[in-house]
file coords.tsv (TSV, C-alpha atoms and all ligand atoms)
chain	number	residue	atom	x	y	z
P	677	MET	CA	-27.41	27.27	5.39
P	678	THR	CA	-27.19	28.77	8.88
P	679	ALA	CA	-24.48	31.35	9.54
P	680	SER	CA	-22.88	29.19	12.25
P	681	ALA	CA	-22.71	25.94	10.25
P	682	ALA	CA	-19.02	25.62	9.37
P	683	PRO	CA	-18.51	24.65	5.72
P	684	VAL	CA	-17.22	21.27	4.57
P	685	VAL	CA	-14.98	20.59	1.58
P	686	VAL	CA	-15.37	17.16	-0.01
P	687	ASP	CA	-12.41	15.95	-2.10
P	688	LEU	CA	-13.07	12.28	-2.78
P	689	LYS	CA	-11.75	10.19	-5.65
P	690	PHE	CA	-14.92	8.07	-5.57
P	691	ASN	CA	-17.56	7.66	-8.28
P	692	PRO	CA	-18.56	11.36	-8.81
P	693	ASP	CA	-22.23	10.55	-9.47
P	694	ASP	CA	-22.45	8.61	-6.20
P	695	VAL	CA	-20.83	11.49	-4.31
P	696	LYS	CA	-23.17	14.06	-5.90
P	697	ALA	CA	-26.26	11.95	-5.15
P	698	ALA	CA	-25.17	11.36	-1.54
P	699	LEU	CA	-24.41	15.07	-1.05
P	700	SER	CA	-27.91	15.99	-2.17
P	701	ARG	CA	-29.08	14.35	1.08
P	702	ALA	CA	-26.11	14.97	3.39
P	703	PHE	CA	-25.07	17.88	5.63
P	704	PRO	CA	-28.45	19.67	5.81
P	705	GLY	CA	-28.03	23.38	6.55
P	706	ARG	CA	-24.30	23.35	5.90
P	707	ASP	CA	-22.40	24.74	2.91
P	708	VAL	CA	-20.58	21.93	1.11
P	709	ILE	CA	-17.93	22.40	-1.57
P	710	ASN	CA	-17.62	19.29	-3.73
P	711	ARG	CA	-14.30	19.42	-5.58
P	712	ALA	CA	-15.44	16.75	-8.01
P	713	ASP	CA	-18.25	19.02	-9.24
P	714	PRO	CA	-17.02	21.05	-12.26
P	715	ASP	CA	-19.45	23.85	-11.34
P	716	GLN	CA	-17.65	24.34	-8.01
P	717	THR	CA	-14.01	24.35	-9.16
P	718	GLY	CA	-13.45	28.09	-8.60
P	719	ARG	CA	-14.83	28.15	-5.05
P	720	ASP	CA	-12.86	29.64	-2.19
P	721	LEU	CA	-11.80	26.84	0.16
P	722	ALA	CA	-10.44	29.18	2.85
P	723	GLN	CA	-13.87	29.19	4.53
P	724	ALA	CA	-13.94	25.36	4.88
P	725	ARG	CA	-13.54	24.05	8.45
P	726	TYR	CA	-13.81	20.31	7.74
P	727	ALA	CA	-12.45	18.23	4.87
P	728	VAL	CA	-13.55	14.75	3.73
P	729	VAL	CA	-10.68	13.26	1.72
P	730	TRP	CA	-9.64	10.20	-0.26
P	731	LYS	CA	-6.84	10.40	-2.84
P	732	SER	CA	-7.53	14.12	-2.87
P	733	GLN	CA	-6.14	16.77	-5.19
P	734	PRO	CA	-2.63	17.80	-4.08
P	735	ASP	CA	-3.52	21.49	-3.64
P	736	LEU	CA	-6.34	20.83	-1.17
P	737	PHE	CA	-4.59	21.82	2.05
P	738	ALA	CA	-2.81	24.81	0.53
P	739	ARG	CA	-6.20	26.13	-0.60
P	740	ALA	CA	-8.02	25.16	2.64
P	741	PRO	CA	-5.76	26.52	5.41
P	742	ASN	CA	-8.46	26.90	8.10
P	743	LEU	CA	-9.51	23.30	8.72
P	744	GLN	CA	-10.40	22.08	12.21
P	745	ALA	CA	-10.51	18.38	11.29
P	746	VAL	CA	-9.85	16.02	8.39
P	747	PHE	CA	-11.99	12.92	7.75
P	748	SER	CA	-10.60	9.98	5.82
P	749	GLY	CA	-12.96	8.48	3.24
P	750	GLY	CA	-11.67	5.04	4.15
P	751	ALA	CA	-10.64	3.03	7.19
P	752	GLY	CA	-6.99	3.08	6.17
P	753	VAL	CA	-5.16	6.40	6.35
P	754	ASP	CA	-1.84	5.68	4.64
P	755	HIS	CA	-2.99	7.72	1.60
P	756	VAL	CA	-4.12	10.57	3.82
P	757	LEU	CA	-0.97	10.75	5.92
P	758	THR	CA	1.08	11.34	2.77
P	759	LEU	CA	-1.13	14.10	1.33
P	760	PRO	CA	0.95	17.26	0.80
P	761	GLY	CA	0.49	19.85	3.52
P	762	LEU	CA	-1.76	17.72	5.77
P	763	PRO	CA	-2.46	20.12	8.68
P	764	ASP	CA	-1.82	19.22	12.30
P	765	VAL	CA	-5.52	18.88	13.18
P	766	PRO	CA	-7.47	15.81	14.32
P	767	LEU	CA	-7.59	13.11	11.62
P	768	VAL	CA	-10.64	10.85	11.89
P	769	ARG	CA	-10.84	7.53	10.04
P	770	PHE	CA	-13.98	5.89	8.66
P	771	VAL	CA	-15.43	3.24	10.96
P	772	ASP	CA	-18.90	1.99	10.15
P	773	PRO	CA	-20.81	-1.31	10.25
P	774	THR	CA	-21.38	-1.17	6.47
P	775	LEU	CA	-17.62	-1.34	5.88
P	776	THR	CA	-16.88	-3.81	8.69
P	777	THR	CA	-19.61	-6.19	7.51
P	778	ARG	CA	-18.37	-6.12	3.92
P	779	MET	CA	-14.83	-6.91	5.00
P	780	SER	CA	-15.89	-9.85	7.17
P	781	GLU	CA	-17.99	-11.20	4.28
P	782	TRP	CA	-14.91	-11.09	2.05
P	783	VAL	CA	-12.64	-12.72	4.62
P	784	VAL	CA	-15.08	-15.52	5.47
P	785	LEU	CA	-15.76	-16.07	1.77
P	786	GLN	CA	-12.05	-16.43	0.96
P	787	CYS	CA	-11.46	-18.83	3.86
P	788	LEU	CA	-14.42	-20.95	2.75
P	789	LEU	CA	-13.35	-20.90	-0.91
P	790	HIS	CA	-9.94	-22.31	0.08
P	791	LEU	CA	-11.40	-24.72	2.64
P	792	ARG	CA	-13.85	-26.10	0.06
P	793	GLN	CA	-11.17	-26.21	-2.70
P	794	HIS	CA	-13.33	-24.04	-4.91
P	795	ALA	CA	-10.60	-23.26	-7.47
P	796	ARG	CA	-10.00	-26.96	-8.07
P	797	TYR	CA	-13.72	-27.68	-8.47
P	798	ALA	CA	-14.06	-24.73	-10.86
P	799	ALA	CA	-11.14	-26.09	-12.95
P	800	GLN	CA	-12.70	-29.56	-12.91
P	801	ALA	CA	-16.06	-28.14	-13.99
P	802	GLN	CA	-14.37	-26.42	-16.96
P	803	ARG	CA	-13.17	-29.88	-18.05
P	804	GLY	CA	-16.53	-31.51	-17.31
P	805	GLU	CA	-14.83	-33.65	-14.66
P	806	TRP	CA	-16.92	-35.15	-11.81
P	807	ALA	CA	-14.51	-35.93	-8.96
P	808	GLU	CA	-14.85	-35.44	-5.21
P	809	LEU	CA	-11.88	-33.92	-3.37
P	810	PRO	CA	-10.86	-34.45	0.28
P	811	GLN	CA	-12.93	-32.24	2.59
P	812	PRO	CA	-11.43	-31.11	5.90
P	813	GLU	CA	-13.77	-29.50	8.41
P	814	ALA	CA	-13.41	-25.81	9.29
P	815	ARG	CA	-12.43	-26.65	12.88
P	816	GLU	CA	-9.35	-28.53	11.57
P	817	ILE	CA	-8.06	-25.31	9.98
P	818	THR	CA	-6.48	-22.59	12.08
P	819	VAL	CA	-7.04	-19.13	10.63
P	820	GLY	CA	-4.50	-16.60	11.93
P	821	VAL	CA	-5.71	-13.00	11.71
P	822	MET	CA	-2.99	-10.33	11.66
P	823	GLY	CA	-4.49	-7.07	12.89
P	824	LEU	CA	-7.13	-7.23	15.62
P	825	GLY	CA	-8.65	-3.80	15.17
P	826	VAL	CA	-12.20	-2.98	14.14
P	827	LEU	CA	-12.03	-5.21	11.04
P	828	GLY	CA	-9.88	-7.99	12.46
P	829	GLN	CA	-12.05	-8.50	15.53
P	830	ASP	CA	-15.27	-8.67	13.51
P	831	ALA	CA	-13.67	-11.14	11.07
P	832	VAL	CA	-12.47	-13.28	13.99
P	833	ARG	CA	-16.00	-13.44	15.41
P	834	LYS	CA	-17.55	-14.45	12.09
P	835	LEU	CA	-14.83	-16.99	11.26
P	836	LYS	CA	-15.54	-18.62	14.63
P	837	ILE	CA	-19.25	-18.78	13.82
P	838	MET	CA	-18.30	-20.73	10.67
P	839	GLY	CA	-16.40	-23.20	12.86
P	840	PHE	CA	-12.78	-22.26	12.10
P	841	THR	CA	-10.18	-22.39	14.85
P	842	VAL	CA	-8.98	-18.79	15.08
P	843	VAL	CA	-5.85	-17.18	16.51
P	844	GLY	CA	-4.96	-13.49	16.36
P	845	TRP	CA	-1.94	-11.21	16.36
P	846	SER	CA	-1.67	-7.49	17.05
P	847	ARG	CA	0.86	-4.99	18.33
P	848	ARG	CA	-0.70	-4.87	21.79
P	849	GLN	CA	-2.17	-7.97	23.42
P	850	LYS	CA	-5.95	-8.40	23.01
P	851	THR	CA	-8.38	-10.50	25.02
P	852	ILE	CA	-10.99	-12.13	22.80
P	853	ASP	CA	-13.24	-14.87	24.10
P	854	GLY	CA	-12.32	-18.27	22.67
P	855	VAL	CA	-9.38	-16.96	20.66
P	856	GLU	CA	-5.69	-17.34	21.44
P	857	THR	CA	-4.06	-13.99	20.88
P	858	TYR	CA	-0.42	-12.99	20.47
P	859	ASP	CA	1.24	-9.60	20.79
P	860	GLU	CA	4.05	-8.25	18.62
P	861	ASN	CA	6.60	-10.46	20.40
P	862	GLY	CA	4.59	-13.61	19.66
P	863	LEU	CA	4.74	-13.46	15.87
P	864	ASP	CA	6.66	-16.68	15.29
P	865	ALA	CA	4.47	-18.69	17.68
P	866	PHE	CA	1.37	-17.25	15.99
P	867	LEU	CA	2.64	-18.13	12.50
P	868	ALA	CA	3.56	-21.67	13.55
P	869	ARG	CA	-0.14	-22.26	14.41
P	870	THR	CA	-1.57	-20.75	11.24
P	871	ASP	CA	-2.95	-22.64	8.19
P	872	MET	CA	-4.72	-19.63	6.65
P	873	LEU	CA	-3.13	-16.25	7.25
P	874	VAL	CA	-5.49	-13.28	6.99
P	875	GLY	CA	-3.86	-9.83	6.71
P	876	LEU	CA	-5.94	-6.94	8.09
P	877	LEU	CA	-3.08	-4.64	9.04
P	878	PRO	CA	-2.70	-0.95	8.19
P	879	LEU	CA	0.28	0.10	6.09
P	880	THR	CA	2.87	1.72	8.36
P	881	ALA	CA	6.66	1.84	8.52
P	882	GLU	CA	6.50	-1.35	10.66
P	883	THR	CA	4.16	-3.32	8.39
P	884	ARG	CA	5.69	-2.41	5.02
P	885	GLY	CA	7.01	-5.55	3.30
P	886	LEU	CA	6.05	-7.74	6.28
P	887	TYR	CA	4.47	-10.57	4.26
P	888	ASP	CA	7.57	-11.99	2.61
P	889	ALA	CA	9.14	-15.39	1.88
P	890	ALA	CA	10.67	-15.61	5.37
P	891	LEU	CA	7.26	-15.07	6.99
P	892	PHE	CA	5.48	-17.57	4.70
P	893	ALA	CA	8.14	-20.18	5.59
P	894	LYS	CA	7.17	-19.87	9.27
P	895	LEU	CA	3.51	-20.77	8.71
P	896	ARG	CA	2.28	-24.21	9.78
P	897	ARG	CA	3.03	-26.93	7.27
P	898	GLY	CA	1.33	-30.28	6.93
P	899	GLY	CA	-2.14	-29.02	7.88
P	900	PRO	CA	-5.22	-30.47	6.22
P	901	LEU	CA	-4.62	-28.47	3.01
P	902	GLY	CA	-0.96	-29.57	2.84
P	903	ALA	CA	0.43	-26.03	2.86
P	904	PRO	CA	-0.74	-22.65	4.13
P	905	VAL	CA	-2.90	-20.07	2.36
P	906	PHE	CA	-2.27	-16.31	2.36
P	907	ILE	CA	-5.24	-13.91	2.31
P	908	ASN	CA	-4.66	-10.15	2.35
P	909	ALA	CA	-7.10	-7.26	2.40
P	910	GLY	CA	-5.01	-4.83	4.48
P	911	ARG	CA	-2.63	-2.99	2.16
P	912	GLY	CA	-0.53	-4.17	-0.78
P	913	GLY	CA	2.52	-2.33	0.53
P	914	SER	CA	2.70	-4.88	3.35
P	915	GLN	CA	3.27	-7.75	0.91
P	916	VAL	CA	6.27	-8.69	-1.26
P	917	GLU	CA	4.52	-9.84	-4.42
P	918	ALA	CA	7.55	-11.55	-5.97
P	919	ASP	CA	7.77	-13.67	-2.78
P	920	ILE	CA	4.06	-14.56	-2.98
P	921	VAL	CA	4.51	-15.69	-6.58
P	922	ALA	CA	7.63	-17.71	-5.75
P	923	SER	CA	6.00	-19.26	-2.67
P	924	LEU	CA	2.91	-20.27	-4.67
P	925	ARG	CA	5.07	-21.76	-7.42
P	926	SER	CA	7.30	-23.68	-5.02
P	927	GLY	CA	4.39	-24.98	-2.92
P	928	VAL	CA	5.38	-23.07	0.22
P	929	LEU	CA	1.90	-21.55	-0.19
P	930	HIS	CA	-1.06	-23.69	-1.25
P	931	GLY	CA	-3.11	-20.71	-2.39
P	932	ALA	CA	-3.76	-17.00	-2.00
P	933	SER	CA	-6.57	-14.43	-2.04
P	934	LEU	CA	-5.43	-10.86	-2.60
P	935	ASP	CA	-7.56	-7.72	-2.63
P	936	VAL	CA	-4.72	-5.22	-2.32
P	937	PHE	CA	-1.49	-4.76	-4.27
P	938	SER	CA	1.69	-2.73	-4.12
P	939	THR	CA	0.61	-1.06	-7.39
P	940	GLU	CA	-3.10	-0.65	-8.06
P	941	PRO	CA	-4.57	-1.51	-10.50
P	942	LEU	CA	-2.51	-4.73	-10.52
P	943	GLU	CA	-0.26	-4.72	-13.60
P	944	ALA	CA	-1.77	-6.59	-16.58
P	945	ASP	CA	1.28	-8.86	-16.82
P	946	SER	CA	1.39	-9.84	-13.14
P	947	PRO	CA	1.56	-13.65	-12.75
P	948	LEU	CA	-0.86	-13.28	-9.83
P	949	TRP	CA	-3.75	-13.01	-12.29
P	950	THR	CA	-3.26	-16.53	-13.57
P	951	LEU	CA	-1.50	-18.58	-10.89
P	952	PRO	CA	-3.57	-21.61	-9.85
P	953	ASN	CA	-5.54	-21.34	-6.62
P	954	THR	CA	-4.95	-17.58	-6.52
P	955	ILE	CA	-7.95	-15.26	-6.23
P	956	VAL	CA	-7.56	-11.58	-7.17
P	957	THR	CA	-10.17	-8.94	-6.34
P	958	PRO	CA	-9.72	-5.24	-7.27
P	959	HIS	CA	-9.43	-3.59	-3.84
P	960	ALA	CA	-13.12	-4.22	-3.42
P	961	ALA	CA	-13.24	-6.23	-0.19
P	962	ALA	CA	-14.90	-3.38	1.69
P	963	ALA	CA	-15.53	-0.30	-0.40
P	964	SER	CA	-16.72	2.74	1.55
P	965	ASP	CA	-20.44	3.42	1.18
P	966	VAL	CA	-20.49	7.17	0.53
P	967	ASN	CA	-23.92	7.68	2.18
P	968	ALA	CA	-22.65	5.94	5.33
P	969	LEU	CA	-19.43	7.96	5.14
P	970	PHE	CA	-21.30	11.27	5.15
P	971	ARG	CA	-23.55	10.10	8.01
P	972	HIS	CA	-20.41	9.23	9.99
P	973	VAL	CA	-18.82	12.64	9.23
P	974	GLU	CA	-22.04	14.44	10.20
P	975	ALA	CA	-22.14	12.53	13.49
P	976	GLN	CA	-18.51	13.33	14.27
P	977	ILE	CA	-18.94	17.04	13.44
P	978	LYS	CA	-22.02	17.11	15.66
P	979	ARG	CA	-19.99	15.61	18.54
P	980	HIS	CA	-17.18	18.10	18.00
P	981	GLU	CA	-19.52	21.09	17.86
P	982	ALA	CA	-21.20	19.86	21.06
P	983	GLY	CA	-17.80	19.91	22.79
P	984	LEU	CA	-17.31	16.12	22.71
P	985	PRO	CA	-14.11	14.47	21.46
P	986	PHE	CA	-13.96	12.94	17.99
P	987	GLU	CA	-14.11	9.15	17.81
P	988	HIS	CA	-11.82	6.94	15.67
P	989	LEU	CA	-8.91	9.36	15.82
P	990	VAL	CA	-5.71	8.39	14.05
P	991	ASP	CA	-2.52	8.14	16.09
P	992	ARG	CA	-0.14	9.86	13.73
P	993	THR	CA	2.94	8.53	15.48
P	994	ALA	CA	1.76	4.92	15.09
P	995	GLY	CA	0.54	5.68	11.54
P	996	TYR	CA	-2.99	4.24	11.89
P	1001	LIG	P1	-7.61	-0.62	13.16
P	1001	LIG	O1	-6.77	0.58	13.32
P	1001	LIG	O2	-8.89	-0.73	13.91
P	1001	LIG	O3	-6.75	-1.93	13.51
P	1001	LIG	C1	-5.45	-2.10	13.09
P	1001	LIG	C2	-4.89	-3.35	13.78
P	1001	LIG	O4	-3.58	-3.59	13.28
P	1001	LIG	C3	-4.77	-3.19	15.29
P	1001	LIG	O5	-5.12	-4.39	15.94
P	1001	LIG	C4	-3.29	-2.89	15.49
P	1001	LIG	O6	-2.73	-3.31	16.72
P	1001	LIG	C5	-2.70	-3.75	14.39
P	1001	LIG	N1	-1.35	-3.29	14.05
P	1001	LIG	C6	-0.96	-2.11	13.53
P	1001	LIG	N2	0.36	-2.06	13.38
P	1001	LIG	C7	0.83	-3.23	13.85
P	1001	LIG	C8	2.12	-3.77	13.98
P	1001	LIG	N3	3.21	-3.10	13.61
P	1001	LIG	N4	2.25	-5.01	14.49
P	1001	LIG	C9	1.15	-5.69	14.89
P	1001	LIG	N5	-0.12	-5.24	14.78
P	1001	LIG	C10	-0.26	-4.01	14.29
P	1001	LIG	O7	-7.87	-0.76	11.60
P	1001	LIG	P2	-9.09	-1.50	10.85
P	1001	LIG	O8	-9.27	-2.83	11.42
P	1001	LIG	O9	-10.26	-0.59	10.79
P	1001	LIG	O10	-8.51	-1.57	9.36
P	1001	LIG	C11	-7.32	-2.29	9.09
P	1001	LIG	C12	-6.83	-1.98	7.68
P	1001	LIG	O11	-7.66	-2.60	6.71
P	1001	LIG	C13	-6.86	-0.50	7.27
P	1001	LIG	O12	-5.78	0.21	7.82
P	1001	LIG	C14	-6.78	-0.61	5.76
P	1001	LIG	O13	-5.42	-0.63	5.36
P	1001	LIG	C15	-7.43	-1.95	5.46
P	1001	LIG	N6	-8.70	-1.81	4.74
P	1001	LIG	C16	-8.84	-2.39	3.51
P	1001	LIG	C17	-10.01	-2.32	2.84
P	1001	LIG	C18	-10.20	-3.04	1.55
P	1001	LIG	O14	-11.24	-2.87	0.90
P	1001	LIG	N7	-9.27	-3.87	1.13
P	1001	LIG	C19	-11.17	-1.57	3.38
P	1001	LIG	C20	-10.91	-1.01	4.68
P	1001	LIG	C21	-9.73	-1.12	5.33
P	1001	LIG	P3	-3.24	-2.65	18.10
P	1001	LIG	O15	-4.63	-3.20	18.28
P	1001	LIG	O16	-2.28	-3.16	19.09
P	1001	LIG	O17	-3.22	-1.17	17.88
P	1002	LIG	C1	-10.10	1.67	3.16
P	1002	LIG	C2	-10.05	1.06	1.85
P	1002	LIG	O1	-9.05	1.86	3.78
P	1002	LIG	O2	-11.05	1.12	1.11
P	1002	LIG	O3	-11.21	1.95	3.64
P	1002	LIG	O4	-9.03	0.47	1.50
call {"tool": "encode", "arguments": {"input": "coords.tsv", "output": "structure tokens", "more": "lines below"}}
Ligand code: NDP
Ligand code: OXD
result
Amino acid sequence: MTASAAPVVVDLKFNPDDVKAALSRAFPGRDVINRADPDQTGRDLAQARYAVVWKSQPDLFARAPNLQAVFSGGAGVDHVLTLPGLPDVPLVRFVDPTLTTRMSEWVVLQCLLHLRQHARYAAQAQRGEWAELPQPEAREITVGVMGLGVLGQDAVRKLKIMGFTVVGWSRRQKTIDGVETYDENGLDAFLARTDMLVGLLPLTAETRGLYDAALFAKLRRGGPLGAPVFINAGRGGSQVEADIVASLRSGVLHGASLDVFSTEPLEADSPLWTLPNTIVTPHAAAASDVNALFRHVEAQIKRHEAGLPFEHLVDRTAGY
């Protein structure tokens, strides 16, 4: 360790073996305090200048009062913004191709599973039933992506490559080649076009509880699948799960794919586990790769120490 290399505290609720292995290669020449390592529990955190956090221990900021920057272990920062004592220093979120690529894979997969009626074929296969189902083309389906940030824009691009018609919605108007986009005032017009709704929004005061029965009722009806599909990998707090269940049961929704839930893990008795044409994944659409995370943090610290501004800064007023 060089005398000038400011120490880093790592407080990540990730797989501890993965974190330890990644740290054996990361931050060369810099003192690192890993709070998940039992051998390091007594260490003084007052010397730490940077913190890498995800669902961190509640005493972190009280014990580390001299931080210059906080790095989120994930792309979303709703967990970080509510950590007790979060200091008023730059908060940097995790943006990396490894995460973006994983998310787009998940989104494209879910759209294709619903397009190709996979759940119905799987049920037929269980019964040994050989029967072809109607097969709309991707271009006949309009996928509406809510949230046109890093993840939304990559998903839009890859959905278009698969042939889907794509529209997008975000707070501020975006210009994306070949995609009709709507700003926050265009929500109803956007929904009226949408057969498959993809949620890639952060959880903020504005987006909490947004995906409810009233919103599902505004989606396009009578498309090739008969009724719309809801796909969410943003945050569970943005969805009203009782309304999803009721909309699936009543036929307002044809199907759903959900990676995020208001309570995680999803309760064992949730009807979402067993509703037909409903796919549940355990907040695994785009897990952070811890090696990539540390490379990103190293790069941002290097920028900062060279007098350059941090990238991917969170706007605390907007909440993302
Ligand atoms: P970004 O900050 O890059 O993009 C967020 C997008 O949401 C922006 O387009 C923003 O609009 C839009 N937005 C925010 N608030 C509103 C609002 N009130 N009305 C309309 N649009 C709004 O985030 P990312 O794309 O990197 O990530 C999105 C979210 O995905 C994360 O916050 C996280 O919750 C979730 N996520 C989930 C993962 C999983 O495994 N399930 C993994 C990683 C992330 P504007 O462009 O105008 O600012
Ligand atoms: C994230 C997540 O925000 O994993 O990165 O949900």
call {"tool": "residues_near_ligand", "arguments": {"input": "coords.tsv", "ligand": "ligand LIG 1001 (chain P)", "cutoff": "6 Å", "atoms": "all atoms listed in the file", "output": "ChimeraX atom specification"}}
result
/P:751-752,823-828,846-848,860,876-879,882-883,909-911,935-936,959-963,996
call {"tool": "residues_around", "arguments": {"input": "coords.tsv", "residues": "region 806-814 of chain P", "least_positions_apart": "6", "cutoff": "9 Å", "atoms": "all atoms listed in the file", "output": "compact mmCIF listing (two decimals) with C-alpha atoms, in the coordinates of the input"}}
result
# COMPACT_ATOMS: atom_id res chain seq x y z
CA LEU P 788 -14.42 -20.95 2.75
CA LEU P 791 -11.40 -24.72 2.64
CA ARG P 792 -13.85 -26.10 0.06
CA GLN P 793 -11.17 -26.21 -2.70
CA ARG P 796 -10.00 -26.96 -8.07
CA TYR P 797 -13.72 -27.68 -8.47
CA GLN P 800 -12.70 -29.56 -12.91
CA MET P 838 -18.30 -20.73 10.67
CA GLY P 839 -16.40 -23.20 12.86
CA PHE P 840 -12.78 -22.26 12.10
CA THR P 841 -10.18 -22.39 14.85
CA PRO P 900 -5.22 -30.47 6.22
CA LEU P 901 -4.62 -28.47 3.01
call {"tool": "closest_residue", "arguments": {"input": "coords.tsv", "among": "P:Val855, P:Ala890, P:Leu721, P:Val756", "to": "ligand LIG 1002 (chain P)", "atoms": "only C-alpha atoms and all ligand atoms"}}
result
P:Val756
call {"tool": "axis_aligned_box", "arguments": {"input": "coords.tsv", "around": "ligand LIG 1002 (chain P)", "padding_each_side": "8 Å", "output": "lines of an AutoDock Vina configuration file"}}
result
center_x = -10.1
center_y = 1.2
center_z = 2.4
size_x = 18.2
size_y = 17.5
size_z = 18.7
call {"tool": "residues_around", "arguments": {"input": "coords.tsv", "residues": "Lys836 (chain P)", "least_positions_apart": "5", "cutoff": "12 Å", "atoms": "all atoms listed in the file", "output": "list of chain:residue names"}}
result
P:Ser780, P:Val783, P:Val784, P:Cys787, P:Ala814, P:Arg815, P:Ile817, P:Thr818, P:Val819, P:Gly820, P:Val821, P:Gln829, P:Asp830, P:Ala831, P:Thr841, P:Val842, P:Val843, P:Gly844, P:Ile852, P:Asp853, P:Gly854, P:Val855
call {"tool": "closest_residue", "arguments": {"input": "coords.tsv", "among": "P:Met779, P:Leu984, P:Ile907, P:Ala868", "to": "Leu895 (chain P)", "atoms": "only C-alpha atoms"}}
result
P:Ala868
call {"tool": "atom_distance", "arguments": {"input": "coords.tsv", "atom1": "CA of Leu835 (chain P)", "atom2": "CA of Gly902 (chain P)"}}
result
20.5 Å
call {"tool": "closest_residue", "arguments": {"input": "coords.tsv", "among": "P:Glu940, P:Glu981, P:Asp871, P:Asp888", "to": "ligand LIG 1002 (chain P)", "atoms": "only C-alpha atoms and all ligand atoms"}}
result
P:Glu940
call {"tool": "residues_around", "arguments": {"input": "coords.tsv", "residues": "Asp991 (chain P)", "least_positions_apart": "2", "cutoff": "10 Å", "atoms": "all atoms listed in the file", "output": "PyMOL selection string"}}
result
chain P and resi 766-768+988-989+993-996
call {"tool": "closest_residue", "arguments": {"input": "coords.tsv", "among": "P:Phe906, P:Phe892, P:Tyr858, P:Phe703", "to": "Gly875 (chain P)", "atoms": "only C-alpha atoms"}}
result
P:Phe906
call {"tool": "closest_residue", "arguments": {"input": "coords.tsv", "among": "P:Gln744, P:Ser700, P:Thr776, P:Thr954", "to": "ligand LIG 1002 (chain P)", "atoms": "only C-alpha atoms and all ligand atoms"}}
result
P:Thr776
call {"tool": "atom_distance", "arguments": {"input": "coords.tsv", "atom1": "CA of Val973 (chain P)", "atom2": "CA of Val729 (chain P)"}}
result
11.1 Å
